Each structure stands twice: as structure tokens, then as C-alpha cells.
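Q: Compact mmCIF, C-alpha atoms (C1' of nucleotides), saved as data-v7.txt, coming up:
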```txt
# COMPACT_ATOMS: atom_id res chain seq x y z
CA MET A 1 0.00 0.00 0.00
CA HIS A 2 2.73 2.48 0.93
CA GLU A 3 4.65 1.32 -2.09
CA VAL A 4 1.66 2.14 -4.25
CA ALA A 5 1.33 5.58 -2.68
CA HIS A 6 5.05 6.26 -2.94
CA ASP A 7 5.26 5.12 -6.53
CA LEU A 8 2.25 7.16 -7.61
CA VAL A 9 4.27 10.30 -6.92
CA GLY A 10 5.75 11.22 -10.28
CA CYS A 11 3.14 9.38 -12.32
CA VAL A 12 0.82 11.25 -14.66
CA ILE A 13 -2.95 11.05 -14.44
CA ARG A 14 -5.23 12.06 -17.30
CA HIS A 15 -8.98 12.60 -17.59
CA GLY A 16 -11.33 14.90 -19.42
CA GLY A 17 -8.79 16.44 -21.75
CA ALA A 18 -6.36 17.39 -19.02
CA ALA A 19 -3.46 15.70 -17.26
CA GLY A 20 -1.17 16.33 -14.31
CA ARG A 21 1.88 14.92 -12.64
CA ILE A 22 1.09 13.51 -9.19
CA VAL A 23 3.10 15.32 -6.51
CA GLU A 24 1.32 14.39 -3.27
CA VAL A 25 -0.27 11.12 -2.07
CA GLU A 26 -1.43 9.69 1.27
CA SER A 27 -2.05 6.09 2.37
CA TYR A 28 -5.17 4.91 4.20
CA HIS A 29 -5.71 1.43 5.64
CA GLN A 30 -8.68 -0.36 7.23
CA GLU A 31 -6.86 -0.98 10.53
CA GLU A 32 -6.39 2.71 11.19
CA PRO A 33 -9.34 4.99 12.17
CA ALA A 34 -8.76 7.78 9.65
CA CYS A 35 -9.60 5.33 6.87
CA HIS A 36 -13.20 5.00 5.71
CA ALA A 37 -12.67 1.24 5.53
CA TYR A 38 -12.13 1.26 9.31
CA ALA A 39 -15.92 0.99 9.62
CA GLY A 40 -15.88 -2.27 7.71
CA LEU A 41 -17.54 -3.28 4.48
CA THR A 42 -20.53 -0.96 3.92
CA PRO A 43 -22.16 0.46 0.77
CA ARG A 44 -19.89 3.46 1.07
CA THR A 45 -16.66 1.47 1.38
CA ALA A 46 -17.41 -1.35 -1.05
CA THR A 47 -15.03 0.06 -3.64
CA LEU A 48 -12.23 0.25 -1.08
CA PHE A 49 -12.55 -3.48 -0.47
CA GLY A 50 -12.68 -4.23 -4.18
CA PRO A 51 -9.89 -4.95 -6.66
CA PRO A 52 -6.74 -2.80 -6.51
CA GLY A 53 -6.18 -0.33 -9.28
CA ASN A 54 -9.73 0.98 -9.18
CA ALA A 55 -10.74 4.52 -8.33
CA TYR A 56 -12.45 5.19 -5.01
CA VAL A 57 -14.22 8.53 -5.39
CA TYR A 58 -16.33 9.97 -2.58
CA ARG A 59 -17.86 13.29 -1.60
CA SER A 60 -16.08 15.28 1.06
CA TYR A 61 -17.81 17.87 3.22
CA GLY A 62 -20.79 17.66 0.90
CA ILE A 63 -18.94 19.65 -1.71
CA HIS A 64 -15.81 18.10 -3.17
CA ALA A 65 -15.05 14.79 -4.89
CA LEU A 66 -11.85 13.15 -3.65
CA LEU A 67 -9.93 10.57 -5.66
CA ASN A 68 -8.14 7.49 -4.34
CA ALA A 69 -6.48 4.48 -5.92
CA VAL A 70 -7.47 1.19 -4.25
CA ALA A 71 -4.16 -0.23 -3.09
CA GLU A 72 -4.56 -3.68 -1.52
CA PRO A 73 -5.90 -7.00 -2.81
CA GLU A 74 -9.65 -7.57 -2.87
CA GLY A 75 -10.99 -8.03 0.64
CA VAL A 76 -8.58 -5.57 2.26
CA GLY A 77 -9.76 -1.96 2.52
CA ALA A 78 -6.91 0.39 1.69
CA ALA A 79 -6.19 3.18 -0.75
CA ALA A 80 -3.88 5.96 -1.80
CA LEU A 81 -5.45 9.43 -1.74
CA ILE A 82 -4.20 11.61 -4.59
CA ARG A 83 -3.84 15.05 -3.04
CA ALA A 84 -2.10 17.26 -5.59
CA LEU A 85 -0.94 17.50 -9.19
CA GLU A 86 1.35 19.65 -11.27
CA PRO A 87 -0.54 20.48 -14.50
CA VAL A 88 1.12 19.10 -17.64
CA GLU A 89 -1.67 19.07 -20.23
CA GLY A 90 -4.95 20.84 -20.90
CA VAL A 91 -4.09 23.78 -18.69
CA ASP A 92 -6.75 25.96 -20.29
CA VAL A 93 -9.42 23.34 -19.67
CA MET A 94 -8.33 23.18 -16.04
CA ARG A 95 -8.48 26.95 -15.73
CA ALA A 96 -11.96 27.00 -17.22
CA ARG A 97 -13.19 24.32 -14.81
CA ARG A 98 -11.52 25.87 -11.76
CA GLY A 99 -12.03 29.52 -12.53
CA VAL A 100 -8.53 30.41 -11.39
CA HIS A 101 -5.40 31.13 -13.38
CA PRO A 102 -2.10 30.41 -11.56
CA LEU A 103 -0.61 27.00 -12.38
CA ASP A 104 0.12 26.17 -8.77
CA ALA A 105 -3.48 26.88 -7.78
CA LEU A 106 -5.16 24.59 -10.30
CA CYS A 107 -4.52 21.20 -8.69
CA SER A 108 -2.86 21.91 -5.33
CA GLY A 109 -5.42 20.03 -3.25
CA PRO A 110 -7.51 16.84 -3.42
CA GLY A 111 -10.74 18.70 -4.15
CA LYS A 112 -9.07 21.03 -6.63
CA LEU A 113 -7.57 18.34 -8.81
CA THR A 114 -10.83 16.43 -9.26
CA GLU A 115 -12.50 19.65 -10.31
CA ALA A 116 -9.66 20.49 -12.70
CA LEU A 117 -9.80 17.03 -14.31
CA GLY A 118 -13.58 16.86 -14.32
CA ILE A 119 -13.68 13.77 -12.07
CA GLY A 120 -16.98 13.17 -10.30
CA LEU A 121 -18.62 10.54 -8.10
CA GLU A 122 -19.83 8.64 -11.15
CA LEU A 123 -16.24 7.44 -11.63
CA ASN A 124 -16.22 5.58 -8.33
CA GLY A 125 -15.08 2.04 -9.15
CA ALA A 126 -13.61 2.92 -12.54
CA THR A 127 -10.31 1.28 -13.39
CA LEU A 128 -7.16 3.39 -13.32
CA THR A 129 -4.82 0.88 -14.89
CA GLY A 130 -6.77 -0.30 -17.91
CA ASP A 131 -8.77 1.35 -20.62
CA GLY A 132 -11.16 3.31 -18.44
CA PRO A 133 -11.85 7.03 -18.70
CA ILE A 134 -9.09 7.78 -16.20
CA ALA A 135 -5.54 6.87 -17.18
CA VAL A 136 -2.54 6.69 -14.85
CA PHE A 137 0.89 6.05 -16.30
CA PRO A 138 4.57 6.54 -15.43
CA GLY A 139 5.76 10.11 -15.77
CA LEU A 140 8.53 9.27 -18.20
CA GLY A 141 10.19 12.26 -19.75
CA HIS A 142 9.51 14.47 -16.76
CA ARG A 143 12.12 15.44 -14.25
CA PRO A 144 12.98 12.71 -11.73
CA VAL A 145 11.16 12.85 -8.41
CA GLU A 146 12.62 12.93 -4.94
CA VAL A 147 9.96 11.76 -2.52
CA VAL A 148 9.83 13.05 1.03
CA ARG A 149 7.61 11.59 3.71
CA GLY A 150 5.61 13.19 6.49
CA THR A 151 2.40 12.94 8.51
CA ARG A 152 -1.00 13.11 6.86
CA ILE A 153 -2.97 16.34 6.96
CA GLY A 154 -6.59 17.38 7.20
CA ILE A 155 -7.58 14.48 9.44
CA THR A 156 -8.52 14.25 13.11
CA LYS A 157 -7.62 10.61 13.80
CA ALA A 158 -4.30 8.75 13.58
CA THR A 159 -2.56 12.01 12.85
CA ASP A 160 0.83 10.64 13.89
CA LEU A 161 1.27 8.13 11.07
CA PRO A 162 3.92 9.24 8.51
CA TRP A 163 1.85 8.20 5.54
CA ARG A 164 2.10 11.29 3.33
CA PHE A 165 4.38 11.24 0.30
CA CYS A 166 5.37 14.40 -1.55
CA ASP A 167 7.52 15.45 -4.47
CA ARG A 168 10.20 17.46 -2.69
CA ASP A 169 10.62 19.96 -5.51
CA SER A 170 7.05 20.71 -6.50
CA PRO A 171 5.43 24.09 -5.82
CA CYS A 172 2.00 22.47 -6.27
CA VAL A 173 1.62 20.50 -3.03
CA SER A 174 -1.49 21.29 -1.00
CA ARG A 175 0.31 22.36 2.18
CA PRO A 176 3.86 22.98 3.39
CA TRP A 177 6.27 20.13 2.91
CA PRO A 178 6.97 17.49 5.55
CA ALA A 179 9.41 18.33 8.33
CA VAL A 180 12.10 16.31 6.58
CA MET A 181 12.17 18.79 3.77
CA ARG A 182 11.91 21.88 5.92
CA ASP A 183 14.96 20.60 7.77
CA ALA A 184 16.76 20.07 4.50
CA ARG A 185 15.98 23.60 3.42
CA ALA A 186 16.82 25.10 6.78
CA SER A 187 20.44 24.19 6.14
CA VAL A 188 20.45 26.67 3.29
CA ALA A 189 21.13 30.16 4.57
CA ARG A 190 18.17 32.34 3.80
CA SER A 191 17.85 36.02 4.49
CA GLY A 192 14.14 36.74 4.32
CA ARG A 193 11.35 34.70 5.77
CA GLY A 194 11.31 31.08 4.68
CA PRO A 195 8.97 28.15 5.25
CA ARG A 196 7.34 28.25 8.64
CA PRO A 197 9.49 26.34 11.15
CA ALA A 198 8.08 23.09 12.42
CA PRO A 199 6.25 23.39 15.74
CA ALA A 200 8.13 21.32 18.33
C1' DC B 1 -36.49 7.57 10.14
C1' DA B 2 -33.46 11.67 12.27
C1' DT B 3 -29.17 13.18 13.20
C1' DG B 4 -24.18 14.29 13.04
C1' DG B 5 -19.66 14.32 11.13
C1' DG B 6 -16.13 14.66 7.64
C1' DA B 7 -9.36 12.58 3.82
C1' DT B 8 -11.94 20.64 1.87
C1' DT B 9 -12.01 25.05 0.02
C1' DG B 10 -12.57 29.93 -0.31
C1' DA B 11 -14.04 34.11 1.75
C1' DC B 12 -13.64 37.02 5.49
C1' DT B 13 -11.71 39.37 10.28
C1' DG C 1 -6.60 33.27 12.30
C1' DT C 2 -12.09 31.75 11.94
C1' DC C 3 -16.17 30.02 9.58
C1' DA C 4 -19.87 28.44 6.49
C1' DA C 5 -21.28 25.66 2.54
C1' DT C 6 -23.44 21.09 1.58
C1' DC C 7 -24.43 15.85 0.98
C1' DC C 8 -23.52 11.02 1.57
C1' DC C 9 -23.88 7.66 4.69
C1' DA C 10 -22.99 5.45 9.41
C1' DT C 11 -25.14 5.28 13.48
C1' DG C 12 -28.79 5.16 16.83
C1' DC C 13 -33.63 5.28 18.15
```
Reformat the file's structure so that it appears as C-alpha cells.
A:
Amino acid sequence: MHEVAHDLVGCVIRHGGAAGRIVEVESYHQEEPACHAYAGLTPRTATLFGPPGNAYVYRSYGIHALLNAVAEPEGVGAAALIRALEPVEGVDVMRARRGVHPLDALCSGPGKLTEALGIGLELNGATLTGDGPIAVFPGLGHRPVEVVRGTRIGITKATDLPWRFCDRDSPCVSRPWPAVMRDARASVARSGRGPRPAPA
DNA sequence: CATGGGATTGACT
DNA sequence: GTCAATCCCATGC
């Protein structure tokens, strides 16, 4: 599961005439309370317990569609939440759907990227690896990725698990980078204000 | 059947 | 920094 999440960083995902390079992913697993599958097999979580490589799309806060890739064999509820992309294709389509212009604002969040790609709840259960409407493939030809790891964000349970994977060099992540990276950058002398220092 | 919460975002103080 | 919007579904009566 973590391997799936880790390896998704750097891949390209395409749908609806637009595509982006994945720069931020988080893992969720049935044995941990932040995961929807923690509640067991229900109508809502059926997709999570289904075959790996399928999309699990659900509505968040009644407003946004969030996209996951099912990441464990059938019967185990686990997935990788795709949290941010760097636009690489169909930028104008993304801008039209999002209503904003800056590149790093188009897909820098799990709700933003589904809107930019035109992904809705009707795609829950669709395959990501085959010939479905959503295509995920290796980001060959793009710059190599250096993945840094940190704790997941936006959740209220199991907040201590280091299950967030980010492209260290992308300006399109949804929130500040993991502490690992802030530490790495702190070693570089910097005159003005830099990234906010990690709270103890 | 009624209720409450949430893996978010954008607007506002 | 705070806060509302909005809907699916898990849970409890």
C-alpha cells in the first residue's frame, strides 16, 4: 500500500482532456481509524474493499469529490489518496473548470484536482490501470522525483502516522512540505522569511 | 427515520 | 486566524 502511494508520486494522471503529474499522495488502511474502511464493508466502502487499481471517489464535506487508488488485494480496505498534481496538459481546460489562473493553484489540493480534471462521483469504481476514462501512467520524460515523507494532513484521527508522500521539488503540493524537507531547506542560509518552522 | 460528522475550500476578520 | 457551505452515509432510536 505504501509502495503504491510512494510510486504514484511522479506518475501522470489524465482525464477529461487534461493531465497532471502527481506530486502528493497519502495512504489509508482499514486498521487505522482515519480510513473510511475502518468501519468495515458498507455500501460506502465497497469500492475500497474491491480490486486494486480501481478509483475510489467519494464526496467530502458535501462539496468536493476526492480521488483514491485502491491499493490492496480484494478483501482488504486500503487506498492511496491523490492530493495534488502539477498540470502538464490541458491547462486551459483546467483553468476554465476551476475559474482560477495560476498553475500552482489549479490542482494543489484533493478537491481542486478532481474539479480540474472533471472527475466526479460517477467514476467511483472505474479502473485506473486499464482502458477506463481515467488513465494513470509513469511520468517518463519528466524530471525525476525525490519523494519526502511526512504525517497526513486534514484528518482528526491517527494524525501521527507518517503516511504522506510528496515530491520534494514541487510548488504544487497542498500544504507545506513534511518536516524532513523543511529541515533540509533550513540548512540553506536564507535572508528573508522562509517556510514556517516546524512546531516542536 | 433523524441526526451528526467529515481525507476541503474559499471568503472574510 | 475563523467560519460556512453542503451531501452522503454510518449510526442510533
Q: Pick out the chain C residues within 8 Å of chain A. Count all atoms listed in the file. Give them as a short mmCIF file (atom, residue, chain, number, x, y, z; two decimals) with C-alpha atoms (C1' of nucleotides), in the coordinates of the input.
A:
```cif
data_model
loop_
_atom_site.label_atom_id
_atom_site.label_comp_id
_atom_site.auth_asym_id
_atom_site.auth_seq_id
_atom_site.Cartn_x
_atom_site.Cartn_y
_atom_site.Cartn_z
"C1'" DA C 5 -21.28 25.66 2.54
"C1'" DT C 6 -23.44 21.09 1.58
"C1'" DC C 7 -24.43 15.85 0.98
"C1'" DC C 8 -23.52 11.02 1.57
"C1'" DC C 9 -23.88 7.66 4.69
#
```
Q: What are the residues of chain A that have an atom within 10 Å of an atom of chain B, counting all atoms listed in the file, as an NGL selection string?
A: :A and (26-28 or 34-36 or 58-68 or 81-83 or 109-112 or 152-156)
Q: Counting only C-alpha atoms (C1' of nucleotides), what is within 12 Å of A:Gly141, bar same-chain residues fewer than 3 positions away, as a list in words?
A: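 Counting only C-alpha atoms (C1' of nucleotides), the residues come to Gly10, Cys11, Val12, Arg21, Val88, Phe137, Pro138, Pro144 and Val145 of chain A.
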Q: Atom CA of A:Phe165 and atom CA of A:Val25 are how many Å apart?
A: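 We find that atom CA of A:Phe165 and atom CA of A:Val25 lie 5.2 Å from each other.
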Q: In the coordinates of the file, take the point (-0.3, 17.4, -21.2) and a cut-off of 7 Å; then, counting all atoms listed in the file, name each qualifying protein, DNA or RNA residue as a PDB file with C-alpha atoms, keeping the file's coordinate frame.
A:
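File produced: part30.pdb:
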```
ATOM      1  CA  ALA A  18      -6.360  17.390 -19.020  1.00  0.00           C
ATOM      2  CA  ALA A  19      -3.460  15.700 -17.260  1.00  0.00           C
ATOM      3  CA  VAL A  88       1.120  19.100 -17.640  1.00  0.00           C
ATOM      4  CA  GLU A  89      -1.670  19.070 -20.230  1.00  0.00           C
ATOM      5  CA  GLY A  90      -4.950  20.840 -20.900  1.00  0.00           C
TER       6      GLY A  90
END
```
Q: Edge lengths and centre in Å to one decimal, as lines of an AutoDock Vina configuration file, of the axis-aligned box that encloses all listed atoms of stretch 3-9 of chain B with 6 Å added on every side?
A:
```
center_x = -19.3
center_y = 18.8
center_z = 6.6
size_x = 31.8
size_y = 24.5
size_z = 25.2
```
Q: What gap, in Å, lies between atom CA of A:Arg143 and atom CA of A:Ala78?
A: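 Between these atoms lies a distance of 29.0 Å.
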